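Colleague: mmCIF, C-alpha atoms, file entry.cif:
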```
data_entry
#
loop_
_atom_site.group_PDB
_atom_site.id
_atom_site.type_symbol
_atom_site.label_atom_id
_atom_site.label_comp_id
_atom_site.auth_asym_id
_atom_site.auth_seq_id
_atom_site.Cartn_x
_atom_site.Cartn_y
_atom_site.Cartn_z
ATOM 1 C CA MET Z 98 2.339 -61.928 9.762
ATOM 2 C CA GLU Z 99 0.597 -59.374 7.550
ATOM 3 C CA LYS Z 100 -2.802 -60.495 8.846
ATOM 4 C CA ILE Z 101 -1.699 -60.015 12.470
ATOM 5 C CA LYS Z 102 -0.365 -56.554 11.634
ATOM 6 C CA THR Z 103 -3.706 -55.644 10.043
ATOM 7 C CA ILE Z 104 -5.657 -56.925 13.061
ATOM 8 C CA ILE Z 105 -3.433 -54.953 15.450
ATOM 9 C CA HIS Z 106 -3.785 -51.822 13.317
ATOM 10 C CA TRP Z 107 -7.576 -51.854 13.052
ATOM 11 C CA SER Z 108 -8.220 -52.897 16.660
ATOM 12 C CA SER Z 109 -5.890 -50.093 17.795
ATOM 13 C CA TYR Z 110 -7.720 -47.726 15.447
ATOM 14 C CA ALA Z 111 -11.104 -48.699 16.897
ATOM 15 C CA TYR Z 112 -9.970 -48.154 20.491
ATOM 16 C CA TYR Z 113 -8.222 -44.869 19.601
ATOM 17 C CA LEU Z 114 -11.410 -43.654 17.934
ATOM 18 C CA TYR Z 115 -13.565 -44.821 20.847
ATOM 19 C CA VAL Z 116 -11.541 -43.107 23.587
ATOM 20 C CA PHE Z 117 -11.084 -39.818 21.767
ATOM 21 C CA GLY Z 118 -14.664 -39.939 20.493
ATOM 22 C CA TYR Z 119 -16.310 -40.093 23.888
ATOM 23 C CA ALA Z 120 -13.762 -37.769 25.524
ATOM 24 C CA SER Z 121 -14.271 -35.073 22.895
ATOM 25 C CA LEU Z 122 -18.067 -35.318 23.013
ATOM 26 C CA PHE Z 123 -18.107 -35.219 26.826
ATOM 27 C CA LYS Z 124 -16.061 -31.994 26.689
ATOM 28 C CA VAL Z 125 -18.017 -30.338 23.885
ATOM 29 C CA PHE Z 126 -21.423 -31.198 25.381
ATOM 30 C CA GLN Z 127 -20.130 -30.344 28.879
ATOM 31 C CA LYS Z 128 -20.884 -33.542 30.779
ATOM 32 C CA ASN Z 129 -20.701 -32.714 34.499
ATOM 33 C CA SER Z 130 -18.156 -35.374 35.434
ATOM 34 C CA MET Z 131 -15.822 -34.329 32.584
ATOM 35 C CA MET Z 132 -16.173 -30.620 33.379
ATOM 36 C CA GLN Z 133 -15.381 -31.244 37.060
ATOM 37 C CA SER Z 134 -12.409 -33.419 36.157
ATOM 38 C CA MET Z 135 -11.029 -30.797 33.773
ATOM 39 C CA GLN Z 136 -11.607 -28.064 36.365
ATOM 40 C CA SER Z 137 -9.620 -30.093 38.903
ATOM 41 C CA LEU Z 138 -6.770 -30.156 36.366
ATOM 42 C CA GLY Z 139 -6.936 -26.352 36.077
ATOM 43 C CA PHE Z 140 -8.948 -25.949 32.867
ATOM 44 C CA ASN Z 141 -11.941 -23.635 32.888
ATOM 45 C CA LYS Z 142 -15.083 -24.107 30.781
ATOM 46 C CA VAL Z 143 -13.736 -22.247 27.721
ATOM 47 C CA TRP Z 144 -10.482 -24.222 27.612
ATOM 48 C CA THR Z 145 -12.306 -27.502 28.151
ATOM 49 C CA ILE Z 146 -14.624 -26.822 25.209
ATOM 50 C CA PHE Z 147 -11.652 -25.654 23.110
ATOM 51 C CA ILE Z 148 -9.800 -28.908 23.865
ATOM 52 C CA GLY Z 149 -12.958 -30.893 23.095
ATOM 53 C CA VAL Z 150 -13.376 -29.176 19.716
ATOM 54 C CA GLY Z 151 -9.726 -29.898 18.862
ATOM 55 C CA GLU Z 152 -10.212 -33.532 19.765
ATOM 56 C CA LEU Z 153 -13.466 -33.660 17.798
ATOM 57 C CA ILE Z 154 -11.682 -32.354 14.700
ATOM 58 C CA GLY Z 155 -9.132 -35.155 15.105
ATOM 59 C CA VAL Z 156 -11.932 -37.714 15.510
ATOM 60 C CA MET Z 157 -13.651 -36.467 12.342
ATOM 61 C CA LEU Z 158 -10.342 -36.797 10.490
ATOM 62 C CA LEU Z 159 -10.037 -40.361 11.805
ATOM 63 C CA LEU Z 160 -13.508 -41.173 10.538
ATOM 64 C CA ALA Z 161 -12.808 -39.573 7.153
ATOM 65 C CA GLY Z 162 -9.614 -41.617 7.117
ATOM 66 C CA ILE Z 163 -11.612 -44.765 6.523
ATOM 67 C CA LEU Z 164 -12.063 -43.533 2.958
ATOM 68 C CA ASN Z 165 -8.831 -41.549 2.650
ATOM 69 C CA PRO Z 166 -5.870 -43.044 4.573
ATOM 70 C CA ARG Z 167 -3.938 -39.756 4.552
ATOM 71 C CA LEU Z 168 -6.680 -38.117 6.610
ATOM 72 C CA LYS Z 169 -6.504 -40.959 9.129
ATOM 73 C CA ASN Z 170 -2.803 -40.307 9.625
ATOM 74 C CA VAL Z 171 -3.401 -36.557 9.926
ATOM 75 C CA GLY Z 172 -6.074 -37.291 12.546
ATOM 76 C CA ILE Z 173 -3.656 -39.454 14.525
ATOM 77 C CA LEU Z 174 -1.039 -36.707 14.402
ATOM 78 C CA VAL Z 175 -3.614 -34.082 15.460
ATOM 79 C CA LEU Z 176 -4.735 -36.192 18.426
ATOM 80 C CA PHE Z 177 -1.260 -37.234 19.585
ATOM 81 C CA PRO Z 178 -0.518 -33.910 21.380
ATOM 82 C CA PHE Z 179 -3.850 -34.217 23.217
ATOM 83 C CA ALA Z 180 -2.844 -37.710 24.411
ATOM 84 C CA VAL Z 181 0.548 -36.456 25.580
ATOM 85 C CA GLY Z 182 -1.091 -33.454 27.259
ATOM 86 C CA ALA Z 183 -3.631 -35.637 29.056
ATOM 87 C CA PHE Z 184 -0.907 -38.012 30.218
ATOM 88 C CA THR Z 185 1.221 -35.113 31.469
ATOM 89 C CA ALA Z 186 -1.702 -33.408 33.233
ATOM 90 C CA HIS Z 187 -2.816 -36.572 35.019
ATOM 91 C CA MET Z 188 0.718 -37.396 36.093
ATOM 92 C CA ALA Z 189 1.388 -33.830 37.278
ATOM 93 C CA HIS Z 190 -1.740 -33.917 39.424
ATOM 94 C CA GLN Z 191 -0.898 -37.397 40.695
ATOM 95 C CA GLU Z 192 -4.100 -38.900 39.292
ATOM 96 C CA TYR Z 193 -2.499 -42.244 38.678
ATOM 97 C CA ASN Z 194 -5.826 -44.053 38.322
ATOM 98 C CA HIS Z 195 -6.771 -41.829 35.327
ATOM 99 C CA PHE Z 196 -3.532 -41.755 33.378
ATOM 100 C CA TYR Z 197 -3.774 -45.244 31.866
ATOM 101 C CA ASN Z 198 -6.030 -44.298 28.937
ATOM 102 C CA SER Z 199 -3.846 -41.338 28.023
ATOM 103 C CA LEU Z 200 -0.717 -43.499 28.210
ATOM 104 C CA ILE Z 201 -2.380 -46.128 26.045
ATOM 105 C CA MET Z 202 -3.365 -43.409 23.537
ATOM 106 C CA CYS Z 203 0.267 -42.248 23.320
ATOM 107 C CA VAL Z 204 1.428 -45.789 22.621
ATOM 108 C CA LEU Z 205 -1.411 -46.533 20.193
ATOM 109 C CA ALA Z 206 -0.595 -43.438 18.134
ATOM 110 C CA VAL Z 207 2.880 -44.829 17.505
ATOM 111 C CA ILE Z 208 1.499 -48.321 16.806
ATOM 112 C CA LEU Z 209 -1.074 -46.946 14.369
ATOM 113 C CA LEU Z 210 1.499 -44.981 12.415
ATOM 114 C CA ALA Z 211 4.031 -47.815 12.465
ATOM 115 C CA THR Z 212 1.529 -50.384 11.173
ATOM 116 C CA ASP Z 213 -0.010 -48.129 8.511
ATOM 117 C CA LYS Z 214 0.848 -49.060 4.935
ATOM 118 C CA ASN Z 215 0.551 -45.422 3.806
ATOM 119 C CA PHE Z 216 2.773 -43.799 6.436
ATOM 120 C CA LYS Z 217 6.570 -43.762 6.334
ATOM 121 C CA ILE Z 218 9.097 -41.991 8.492
ATOM 122 C CA ALA Z 219 12.423 -41.361 6.785
ATOM 123 C CA LEU Z 220 15.291 -40.351 9.012
#
```
Before anything else, please render the file you have as structure tokens.

Modeller:
Amino acid sequence: MEKIKTIIHWSSYAYYLYVFGYASLFKVFQKNSMMQSMQSLGFNKVWTIFIGVGELIGVMLLLAGILNPRLKNVGILVLFPFAVGAFTAHMAHQEYNHFYNSLIMCVLAVILLATDKNFKIAL
């Protein structure tokens, strides 16, 4: 069971890193398709770059988290509001074909924290 949990954790981590990695870089380096998509959601160039930098900080924390697990968890928590925001924005604009990745990111954040050996929630 522990091996399955580890496989789920690291495969979720890889996909989380992949999606936020390319999304942040597309925003920071202003890829045309990303800029047009963000503009259709109501975000101008400055806000799009600002969001991309925030996501990039989270991605760098995820990468640093390979060596320091606390930073990985901080990165997940930094990126979680961006996932929720993306899901909300796509749903509000009825872009149902684009909301899947953001929904998956919301779910994966919970899975990553729940399967992490170094993260505990005490209620």

Colleague: Give me the residues within 12 Å of stretch 193-195 of chain Z as number ranges by chain, counting only C-alpha atoms and dropping any in the same chain fewer than 3 places off.

Modeller: Z: 134-135, 138, 183-190, 198-201

Colleague: Evaluating the PyMOL selection byres ((chain Z and resi 204) around 12) on the displayed file yields which residues, as a list in words?

Modeller: Ser109, Tyr110, Tyr112, Tyr113, Ile173, Phe177, Ala180, Val181, Phe184, Tyr197, Asn198, Ser199, Leu200, Ile201, Met202, Cys203, Leu205, Ala206, Val207, Ile208, Leu209, Leu210 and Ala211 of chain Z

Colleague: Could you tell me which residues the PyMOL selection byres ((chain Z and resi 115-125) around 7) returns for this structure, as a ChimeraX atom specification?

Modeller: /Z:111-114,126-128,131-132,145-146,149-150,152-153,156

Colleague: Apply the PyMOL selection byres ((chain Z and resi 215) around 12) to the structure shown and report the selected residues as a PyMOL selection string.

Modeller: chain Z and resi 162+165-171+209-214+216-218

Colleague: Between atom CA of Z:Glu192 and atom CA of Z:Gln136, measure the distance and give it in Å to one decimal.

Modeller: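 Going from atom CA of Z:Glu192 over to atom CA of Z:Gln136 covers 13.5 Å.
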
Colleague: Using Å and a single decimal, report how far atom CA of Z:Leu160 sits from atom CA of Z:His106.

Modeller: 14.7 Å

Colleague: Report, in Å with one decimal, the straight-line distance from atom CA of Z:Lys100 to atom CA of Z:Leu176.

Modeller: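 About the pair atom CA of Z:Lys100 and atom CA of Z:Leu176: they are 26.2 Å apart.
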